[in-house]
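Participant: The structure under discussion is supplied below as structure tokens; questions concerning it will follow.
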Amino acid sequence: MYGGGNVFERMKATALVDEDPRKLAEFEARIERGEKIEPKDWMPQLYRKQLIRMIEQHAHSEIIGALPEGTWITRAPGFKRKLALMAKVQDEVGHAQLLYAAAETLGKSREKMIDDLITGKSKYSNIFNYPAFTWADSCFISWLVDAGAIVNQLANAKGSYGPYCRALERICAEESFHLKYGHHCVIHMATGSKKQREMMQAAINRWWPPMMHFFGPSDTISVHSEILMKWKVKMASNDACRQQFLDMYVPKIWELGLTIPDKNLQKNNETGQWEYTEPDWDEFKRVINGDGPCNKERLAVRRTAEERGRWVREALLAPKTKYITPLA
Amino acid sequence: MLKSLDPRVNRLNIPLEEAAHAQKNKLDQFETYEVFVQTKEDKPFEHVGIVHAPNEEMAFLFAKEQYTRRGMFCISLCVIKTENIRVSDYSENQKDIYDTFEGKYSGKTTYSFEVFHLIKRGKQHKYEGNVQAKNFEDALLAARDTYPRNKPVLNVWVVKSEDIFVSDEEDQDLWDTLQEKKYRDAIDYRAADKIKAFKEKQHEH
Ligand SMILES: [Fe+2]
Ligand SMILES: [Fe+2]
Ligand SMILES: [Fe+2]
């Protein structure tokens with residue numbers, strides 16, 4: 001799971017002046033030819049920095065994203081749903097490990113990344129700063145938040161950095177289960193009792209605004225996004241991802257007789273583009289900067305897990321302590 | 001105490017001050033191990049990624065969880081501590097990295113080494129075979145003289161055979177976990193009939 005709309009480092013116009021122009025040209029030619037960049041290759045500092053930031057945010061999103069869904073494992077309706085949700089949440093945590101590993105090849109240790117997550121220095125997908133009130137919220141996340149993530153991940157899997165692409169290939173293979181499972185859950189709710197339908201509709205109403213935020217604000221045409229696109233760090237604009245998501249999933253929501261809380265949402269048949277009410281980007285900024293309903297809780301839970309798991313890591317680090325059979 | 005919708009979070013009893021305080025103790029990162037998986041009898045081991053672990057056995061367990069979750073794609077697994085792998089340079093544009101090595105293979109058989117090749121950028125290292133040599137540099141030269149190279153080799157990894165931790169032949173059943181875990185596969189979630197029935201019912205009304 002993963003939110004687009006990455007927060008990239010602000011770029012100075014002078015960011016590339018220190019780079020060797022010959023090496024830079026070779027690097028860009030390699031990407032142009034469709035070849036992957038591997039860890040030991042020469043790369044501009046800016047490429048390294050932006051990639052670390054992006055992959056790290058992605059990894060954090062998988063870890064934090066496991067929290068609102070994890071809440072519902074013990075209360076999922078029935079044994080089979082419990083098993084499936086548990087498997088899904090395990091997958092997400094596994095995705096984080098794959099991604100941390102990919103980011104590590106760029107020179108930032110996993111430990112440092114986890115530090116930066118729990119001190120609030122690094123960002124993660126903003127959508128997980130909202131709470132999952134009912135089982136239906138968990139269904140929404142499994143289906144539609146994962147669907148949004150898949151749109152992003154499939155795009156990024158075609159990027160230029162080898163280890164990230166390989167991690168994403170593994171991740172996408174597992175996401176197909178998440179997507180089908182999530183859809184199955186939502187169908188079950190939507191075609192169920194009146195109460196179930198109401199719960200599902202309420203969840204959609206709650207999650208739609210953060211879902212629209214999920215892909216990030218419109219990209220401004222800037223040197224910044226141009227160079228990230230050229231280097232195949234960013235593979236599709238935020239708007240293009242949002243459009244693709246709407247195109248694939250709005251009809252699937254509507255066919256279940258559910259509604260979407262946006263009167264202006266419709267496909268313009270002339271342009272082929274979806275029209276919608278502009279999301280509230282002030283709220284997005286406020287929440288991503290720490291003032292959302294769950295920011296504090298998410299980080300506190302992570303930090304507590306880190307601190308309370310410490311003794312396990314310490315115990316594992318002392319393999320020389322020998323076990324001796326008690327004497328009497 | 002931190003109050004949450006999640007009863008599990010409430011049971012953690014996290015003091016609010018702790019929630020606000022944001023310092024973690026010093027780094028206690030585990031070493032990394034490179035993980036290789038064999039998917040079929042006639043396929044070589046292939047690099048899949050890394051795990052962090054305090055020792056080989058734990059690395060093996062983590063690797064099993066991380067890289068063979070869907071068991072049918074693995075028949076054997078091995079882990080190698082990252083620092084035990086000697087990495088050659090990467091070659092440029094279609095050149096064979098072996099062509100850049102100078103010197104003569106000693107012919108000595110002091111140590112046994114395992115060799116892995118990377119053929120293409122974006123792909124992963126695959127097991128090539130075993131050579132005997134007196135040290136790492138010598139092993140690279142031995143590999144150069146041993147393996148046919150129909151495709152140029154981009155990069156070589158060499159590791160002492162004794163530094164590899166590999167699953168046991170006899171433990172094959174380690175990988176047969178899938179039968180009772182169909183619920184982890186997309187195929188277990190067909191629902192087209194349900195949507196169809198729902199639409200038909202809507203139509204009647
Ligand atoms: Fe997800
Ligand atoms: Fe995921
Ligand atoms: Fe997922």
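We label chains A, B, ... in the order they appear in the structure tokens, count residues from 1 in each chain, and number ligands from 1 in the order shown.
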Near range 180-188 of chain A, within 6 Å and counting only C-alpha atoms, which residues show up once chain neighbours fewer than 4 positions away are dropped, as number ranges by chain?

Facilitator: A: 139, 142-143, 192; B: 186, 189

Participant: Print the selection's residues with C-alpha atoms to a file, as a PDB file, in the first residue's frame.

Facilitator:
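Everything below was put into part_3.pdb:
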ATOM      1  CA  CYS A 139     -13.113  -3.005   3.430  1.00  0.00           C
ATOM      2  CA  SER A 142      -8.367  -3.106   1.335  1.00  0.00           C
ATOM      3  CA  TRP A 143     -10.097  -2.485  -1.946  1.00  0.00           C
ATOM      4  CA  GLY A 192     -25.943  -7.621   1.940  1.00  0.00           C
TER       5      GLY A 192
ATOM      6  CA  ALA B 186      -6.520 -13.704  -5.655  1.00  0.00           C
ATOM      7  CA  TYR B 189     -12.073 -14.257  -4.317  1.00  0.00           C
TER       8      TYR B 189
END

Participant: Select, as a PDB file with all heavy atoms, in the first residue's frame, those residues of chain B with any atom no more than 6 Å from chain A (distances computed using only C-alpha atoms).

Facilitator:
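The file below, result_26.pdb, is the result:
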ATOM      1  N   ASP B   6      -8.897   1.985  18.572  1.00  0.00           N
ATOM      2  CA  ASP B   6      -8.378   0.625  18.505  1.00  0.00           C
ATOM      3  C   ASP B   6      -8.153   0.095  19.916  1.00  0.00           C
ATOM      4  O   ASP B   6      -7.297   0.599  20.647  1.00  0.00           O
ATOM      5  CB  ASP B   6      -7.058   0.641  17.719  1.00  0.00           C
ATOM      6  CG  ASP B   6      -6.516  -0.756  17.461  1.00  0.00           C
ATOM      7  OD1 ASP B   6      -6.931  -1.696  18.178  1.00  0.00           O
ATOM      8  OD2 ASP B   6      -5.675  -0.897  16.552  1.00  0.00           O
ATOM      9  N   ALA B  19       4.040   9.693  23.952  1.00  0.00           N
ATOM     10  CA  ALA B  19       3.595   9.903  22.582  1.00  0.00           C
ATOM     11  C   ALA B  19       4.222  11.161  22.009  1.00  0.00           C
ATOM     12  O   ALA B  19       4.488  11.256  20.822  1.00  0.00           O
ATOM     13  CB  ALA B  19       2.082   9.996  22.541  1.00  0.00           C
ATOM     14  N   ALA B  22      10.154  12.105  21.431  1.00  0.00           N
ATOM     15  CA  ALA B  22      10.532  11.492  20.162  1.00  0.00           C
ATOM     16  C   ALA B  22      12.013  11.211  20.062  1.00  0.00           C
ATOM     17  O   ALA B  22      12.702  11.746  19.222  1.00  0.00           O
ATOM     18  CB  ALA B  22      10.087  12.388  19.017  1.00  0.00           C
ATOM     19  N   GLN B  29      21.252  -1.767  14.548  1.00  0.00           N
ATOM     20  CA  GLN B  29      20.940  -2.437  13.298  1.00  0.00           C
ATOM     21  C   GLN B  29      21.632  -3.800  13.178  1.00  0.00           C
ATOM     22  O   GLN B  29      22.814  -3.924  13.471  1.00  0.00           O
ATOM     23  CB  GLN B  29      21.402  -1.508  12.176  1.00  0.00           C
ATOM     24  CG  GLN B  29      21.498  -2.143  10.839  1.00  0.00           C
ATOM     25  CD  GLN B  29      20.732  -1.340   9.813  1.00  0.00           C
ATOM     26  OE1 GLN B  29      19.720  -0.748  10.106  1.00  0.00           O
ATOM     27  NE2 GLN B  29      21.214  -1.324   8.605  1.00  0.00           N
ATOM     28  N   PRO B  54      20.527 -11.274  13.100  1.00  0.00           N
ATOM     29  CA  PRO B  54      21.663 -11.343  14.003  1.00  0.00           C
ATOM     30  C   PRO B  54      22.593 -12.516  13.688  1.00  0.00           C
ATOM     31  O   PRO B  54      23.731 -12.528  14.137  1.00  0.00           O
ATOM     32  CB  PRO B  54      21.010 -11.531  15.377  1.00  0.00           C
ATOM     33  CG  PRO B  54      19.704 -12.181  15.083  1.00  0.00           C
ATOM     34  CD  PRO B  54      19.271 -11.675  13.747  1.00  0.00           C
ATOM     35  N   ARG B 121      21.496  -5.467 -16.688  1.00  0.00           N
ATOM     36  CA  ARG B 121      21.033  -4.485 -15.716  1.00  0.00           C
ATOM     37  C   ARG B 121      19.549  -4.678 -15.444  1.00  0.00           C
ATOM     38  O   ARG B 121      18.790  -4.924 -16.365  1.00  0.00           O
ATOM     39  CB  ARG B 121      21.191  -3.087 -16.276  1.00  0.00           C
ATOM     40  CG  ARG B 121      22.466  -2.462 -15.976  1.00  0.00           C
ATOM     41  CD  ARG B 121      22.703  -1.267 -16.844  1.00  0.00           C
ATOM     42  NE  ARG B 121      24.129  -1.068 -16.852  1.00  0.00           N
ATOM     43  CZ  ARG B 121      24.774  -0.612 -15.779  1.00  0.00           C
ATOM     44  NH1 ARG B 121      24.114  -0.244 -14.704  1.00  0.00           N
ATOM     45  NH2 ARG B 121      26.075  -0.507 -15.791  1.00  0.00           N
ATOM     46  N   GLY B 122      19.161  -4.530 -14.180  1.00  0.00           N
ATOM     47  CA  GLY B 122      17.756  -4.675 -13.841  1.00  0.00           C
ATOM     48  C   GLY B 122      17.400  -6.105 -13.476  1.00  0.00           C
ATOM     49  O   GLY B 122      16.418  -6.345 -12.803  1.00  0.00           O
ATOM     50  N   TYR B 183      -6.594 -18.959   0.784  1.00  0.00           N
ATOM     51  CA  TYR B 183      -7.162 -17.636   1.070  1.00  0.00           C
ATOM     52  C   TYR B 183      -6.162 -16.509   0.831  1.00  0.00           C
ATOM     53  O   TYR B 183      -6.510 -15.344   0.888  1.00  0.00           O
ATOM     54  CB  TYR B 183      -7.683 -17.574   2.510  1.00  0.00           C
ATOM     55  CG  TYR B 183      -6.600 -17.772   3.542  1.00  0.00           C
ATOM     56  CD1 TYR B 183      -5.833 -16.699   3.992  1.00  0.00           C
ATOM     57  CD2 TYR B 183      -6.326 -19.037   4.058  1.00  0.00           C
ATOM     58  CE1 TYR B 183      -4.816 -16.873   4.903  1.00  0.00           C
ATOM     59  CE2 TYR B 183      -5.308 -19.225   4.977  1.00  0.00           C
ATOM     60  CZ  TYR B 183      -4.565 -18.134   5.395  1.00  0.00           C
ATOM     61  OH  TYR B 183      -3.554 -18.313   6.302  1.00  0.00           O
ATOM     62  N   ASP B 185      -4.632 -16.195  -2.008  1.00  0.00           N
ATOM     63  CA  ASP B 185      -4.519 -16.026  -3.458  1.00  0.00           C
ATOM     64  C   ASP B 185      -5.734 -15.330  -4.040  1.00  0.00           C
ATOM     65  O   ASP B 185      -6.867 -15.570  -3.618  1.00  0.00           O
ATOM     66  CB  ASP B 185      -4.344 -17.385  -4.127  1.00  0.00           C
ATOM     67  CG  ASP B 185      -2.946 -17.915  -3.928  1.00  0.00           C
ATOM     68  OD1 ASP B 185      -2.008 -17.099  -3.995  1.00  0.00           O
ATOM     69  OD2 ASP B 185      -2.795 -19.126  -3.666  1.00  0.00           O
ATOM     70  N   ALA B 186      -5.448 -14.482  -5.026  1.00  0.00           N
ATOM     71  CA  ALA B 186      -6.520 -13.704  -5.655  1.00  0.00           C
ATOM     72  C   ALA B 186      -7.634 -14.618  -6.161  1.00  0.00           C
ATOM     73  O   ALA B 186      -8.815 -14.285  -6.097  1.00  0.00           O
ATOM     74  CB  ALA B 186      -5.946 -12.876  -6.794  1.00  0.00           C
ATOM     75  N   TYR B 189     -11.117 -15.345  -4.567  1.00  0.00           N
ATOM     76  CA  TYR B 189     -12.073 -14.257  -4.317  1.00  0.00           C
ATOM     77  C   TYR B 189     -12.912 -13.892  -5.534  1.00  0.00           C
ATOM     78  O   TYR B 189     -13.053 -12.730  -5.883  1.00  0.00           O
ATOM     79  CB  TYR B 189     -11.327 -13.033  -3.766  1.00  0.00           C
ATOM     80  CG  TYR B 189     -10.725 -13.338  -2.423  1.00  0.00           C
ATOM     81  CD1 TYR B 189      -9.416 -13.792  -2.301  1.00  0.00           C
ATOM     82  CD2 TYR B 189     -11.494 -13.258  -1.263  1.00  0.00           C
ATOM     83  CE1 TYR B 189      -8.881 -14.132  -1.082  1.00  0.00           C
ATOM     84  CE2 TYR B 189     -10.975 -13.590  -0.033  1.00  0.00           C
ATOM     85  CZ  TYR B 189      -9.666 -14.031   0.060  1.00  0.00           C
ATOM     86  OH  TYR B 189      -9.153 -14.372   1.275  1.00  0.00           O
TER      87      TYR B 189
END

Participant: What does the distance between CA of Asn150 in chain B and CA of Ile85 in chain B come to in Å, to one decimal place?

Facilitator: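 Calculated distance between CA of Asn150 in chain B and CA of Ile85 in chain B is 24.5 Å.
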
Participant: Could the residues that lie within 8 Å of ligand 1, counting only C-alpha atoms and all ligand atoms, be listed as a PyMOL selection string?

Facilitator: chain A and resi 1-2+62+65-66+92+141-142+145-146+149+175+178

Participant: I need the residues from that last selection saved to file as a PDB file, in the first residue's frame (with N, CA, C and O atoms), if you can.

Facilitator:
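The result, stored in out_25.pdb:
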ATOM      1  N   MET A   1       0.839  -1.183   0.000  1.00  0.00           N
ATOM      2  CA  MET A   1       0.000   0.000   0.000  1.00  0.00           C
ATOM      3  C   MET A   1       0.873   1.230   0.000  1.00  0.00           C
ATOM      4  O   MET A   1       1.969   1.212   0.487  1.00  0.00           O
ATOM      5  N   TYR A   2       0.388   2.299  -0.548  1.00  0.00           N
ATOM      6  CA  TYR A   2       1.307   3.398  -0.772  1.00  0.00           C
ATOM      7  C   TYR A   2       0.559   4.595  -1.293  1.00  0.00           C
ATOM      8  O   TYR A   2      -0.333   4.471  -2.113  1.00  0.00           O
ATOM      9  N   GLU A  62       3.724   1.543   3.978  1.00  0.00           N
ATOM     10  CA  GLU A  62       3.319   0.143   4.129  1.00  0.00           C
ATOM     11  C   GLU A  62       3.182  -0.204   5.612  1.00  0.00           C
ATOM     12  O   GLU A  62       2.226  -0.839   6.030  1.00  0.00           O
ATOM     13  N   GLY A  65       0.375   1.925   7.124  1.00  0.00           N
ATOM     14  CA  GLY A  65      -0.880   1.469   6.517  1.00  0.00           C
ATOM     15  C   GLY A  65      -1.391   0.179   7.127  1.00  0.00           C
ATOM     16  O   GLY A  65      -2.581  -0.121   7.074  1.00  0.00           O
ATOM     17  N   ALA A  66      -0.495  -0.591   7.709  1.00  0.00           N
ATOM     18  CA  ALA A  66      -0.928  -1.833   8.351  1.00  0.00           C
ATOM     19  C   ALA A  66      -1.710  -1.554   9.637  1.00  0.00           C
ATOM     20  O   ALA A  66      -2.436  -2.416  10.121  1.00  0.00           O
ATOM     21  N   GLU A  92       1.771  -6.480   3.804  1.00  0.00           N
ATOM     22  CA  GLU A  92       2.110  -5.054   3.787  1.00  0.00           C
ATOM     23  C   GLU A  92       3.398  -4.800   4.574  1.00  0.00           C
ATOM     24  O   GLU A  92       4.265  -4.042   4.138  1.00  0.00           O
ATOM     25  N   ILE A 141     -10.438   0.359   2.670  1.00  0.00           N
ATOM     26  CA  ILE A 141      -8.974   0.437   2.547  1.00  0.00           C
ATOM     27  C   ILE A 141      -8.454  -0.718   1.700  1.00  0.00           C
ATOM     28  O   ILE A 141      -7.685  -0.527   0.756  1.00  0.00           O
ATOM     29  N   SER A 142      -8.901  -1.934   2.036  1.00  0.00           N
ATOM     30  CA  SER A 142      -8.367  -3.106   1.335  1.00  0.00           C
ATOM     31  C   SER A 142      -8.626  -3.027  -0.167  1.00  0.00           C
ATOM     32  O   SER A 142      -7.784  -3.421  -0.964  1.00  0.00           O
ATOM     33  N   VAL A 145      -8.021   1.827  -1.332  1.00  0.00           N
ATOM     34  CA  VAL A 145      -6.709   2.430  -1.067  1.00  0.00           C
ATOM     35  C   VAL A 145      -5.634   1.570  -1.723  1.00  0.00           C
ATOM     36  O   VAL A 145      -4.694   2.080  -2.346  1.00  0.00           O
ATOM     37  N   ASP A 146      -5.801   0.255  -1.638  1.00  0.00           N
ATOM     38  CA  ASP A 146      -4.840  -0.603  -2.339  1.00  0.00           C
ATOM     39  C   ASP A 146      -4.917  -0.402  -3.849  1.00  0.00           C
ATOM     40  O   ASP A 146      -3.895  -0.436  -4.534  1.00  0.00           O
ATOM     41  N   ALA A 149      -2.945   2.504  -4.604  1.00  0.00           N
ATOM     42  CA  ALA A 149      -1.527   2.167  -4.456  1.00  0.00           C
ATOM     43  C   ALA A 149      -1.022   1.410  -5.678  1.00  0.00           C
ATOM     44  O   ALA A 149       0.093   1.634  -6.149  1.00  0.00           O
ATOM     45  N   GLU A 175      -0.180  -7.705  -4.425  1.00  0.00           N
ATOM     46  CA  GLU A 175      -1.295  -6.752  -4.385  1.00  0.00           C
ATOM     47  C   GLU A 175      -2.535  -7.293  -5.097  1.00  0.00           C
ATOM     48  O   GLU A 175      -3.650  -6.900  -4.780  1.00  0.00           O
ATOM     49  N   HIS A 178      -4.703  -8.625  -2.604  1.00  0.00           N
ATOM     50  CA  HIS A 178      -5.317  -7.580  -1.777  1.00  0.00           C
ATOM     51  C   HIS A 178      -6.527  -6.974  -2.466  1.00  0.00           C
ATOM     52  O   HIS A 178      -7.584  -6.769  -1.878  1.00  0.00           O
TER      53      HIS A 178
END

Participant: Could you name the residues that touch Val158 in chain B at 6 Å or less, counting only C-alpha atoms, but leaving out those on the same chain fewer than 4 positions away, as a ChimeraX atom specification?

Facilitator: /B:85-86,114-115

Participant: Which residue is closest to ligand 3? Choose from A:Leu106, A:Ile204, A:Met43, A:Val151 and count only C-alpha atoms and all ligand atoms.

Facilitator: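 Of the candidates, the smallest distance to ligand 3 is held by A:Val151.
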
Participant: Can you list every residue in range 142-308 of chain A that DSSP puts in strand (DSSP E or B), as a list in words?

Facilitator: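 Listing strand (DSSP E or B) positions across range 142-308 of chain A yields Tyr161, Gln266, Lys267, Asn268, Gln273, Trp274 and Glu275 of chain A.
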
Participant: Output N, CA and C atoms of each residue in that selection to a file, as a compact mmCIF listing (two decimals), in the first residue's frame.

Facilitator:
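Resulting contents of part14.txt:
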# COMPACT_ATOMS: atom_id res chain seq x y z
N TYR A 161 15.43 2.90 -11.39
CA TYR A 161 16.34 2.33 -10.39
C TYR A 161 16.06 0.82 -10.17
N GLN A 266 -18.04 13.39 -12.63
CA GLN A 266 -18.56 12.79 -13.87
C GLN A 266 -17.45 12.75 -14.91
N LYS A 267 -17.64 11.83 -15.84
CA LYS A 267 -16.66 11.75 -16.91
C LYS A 267 -17.09 12.64 -18.06
N ASN A 268 -16.19 13.49 -18.48
CA ASN A 268 -16.45 14.35 -19.64
C ASN A 268 -16.15 13.54 -20.90
N GLN A 273 -11.77 12.90 -19.73
CA GLN A 273 -11.24 13.15 -18.37
C GLN A 273 -12.38 13.19 -17.35
N TRP A 274 -12.07 12.78 -16.14
CA TRP A 274 -13.03 12.90 -15.05
C TRP A 274 -12.99 14.32 -14.51
N GLU A 275 -14.21 14.83 -14.24
CA GLU A 275 -14.30 16.13 -13.58
C GLU A 275 -14.75 15.90 -12.15
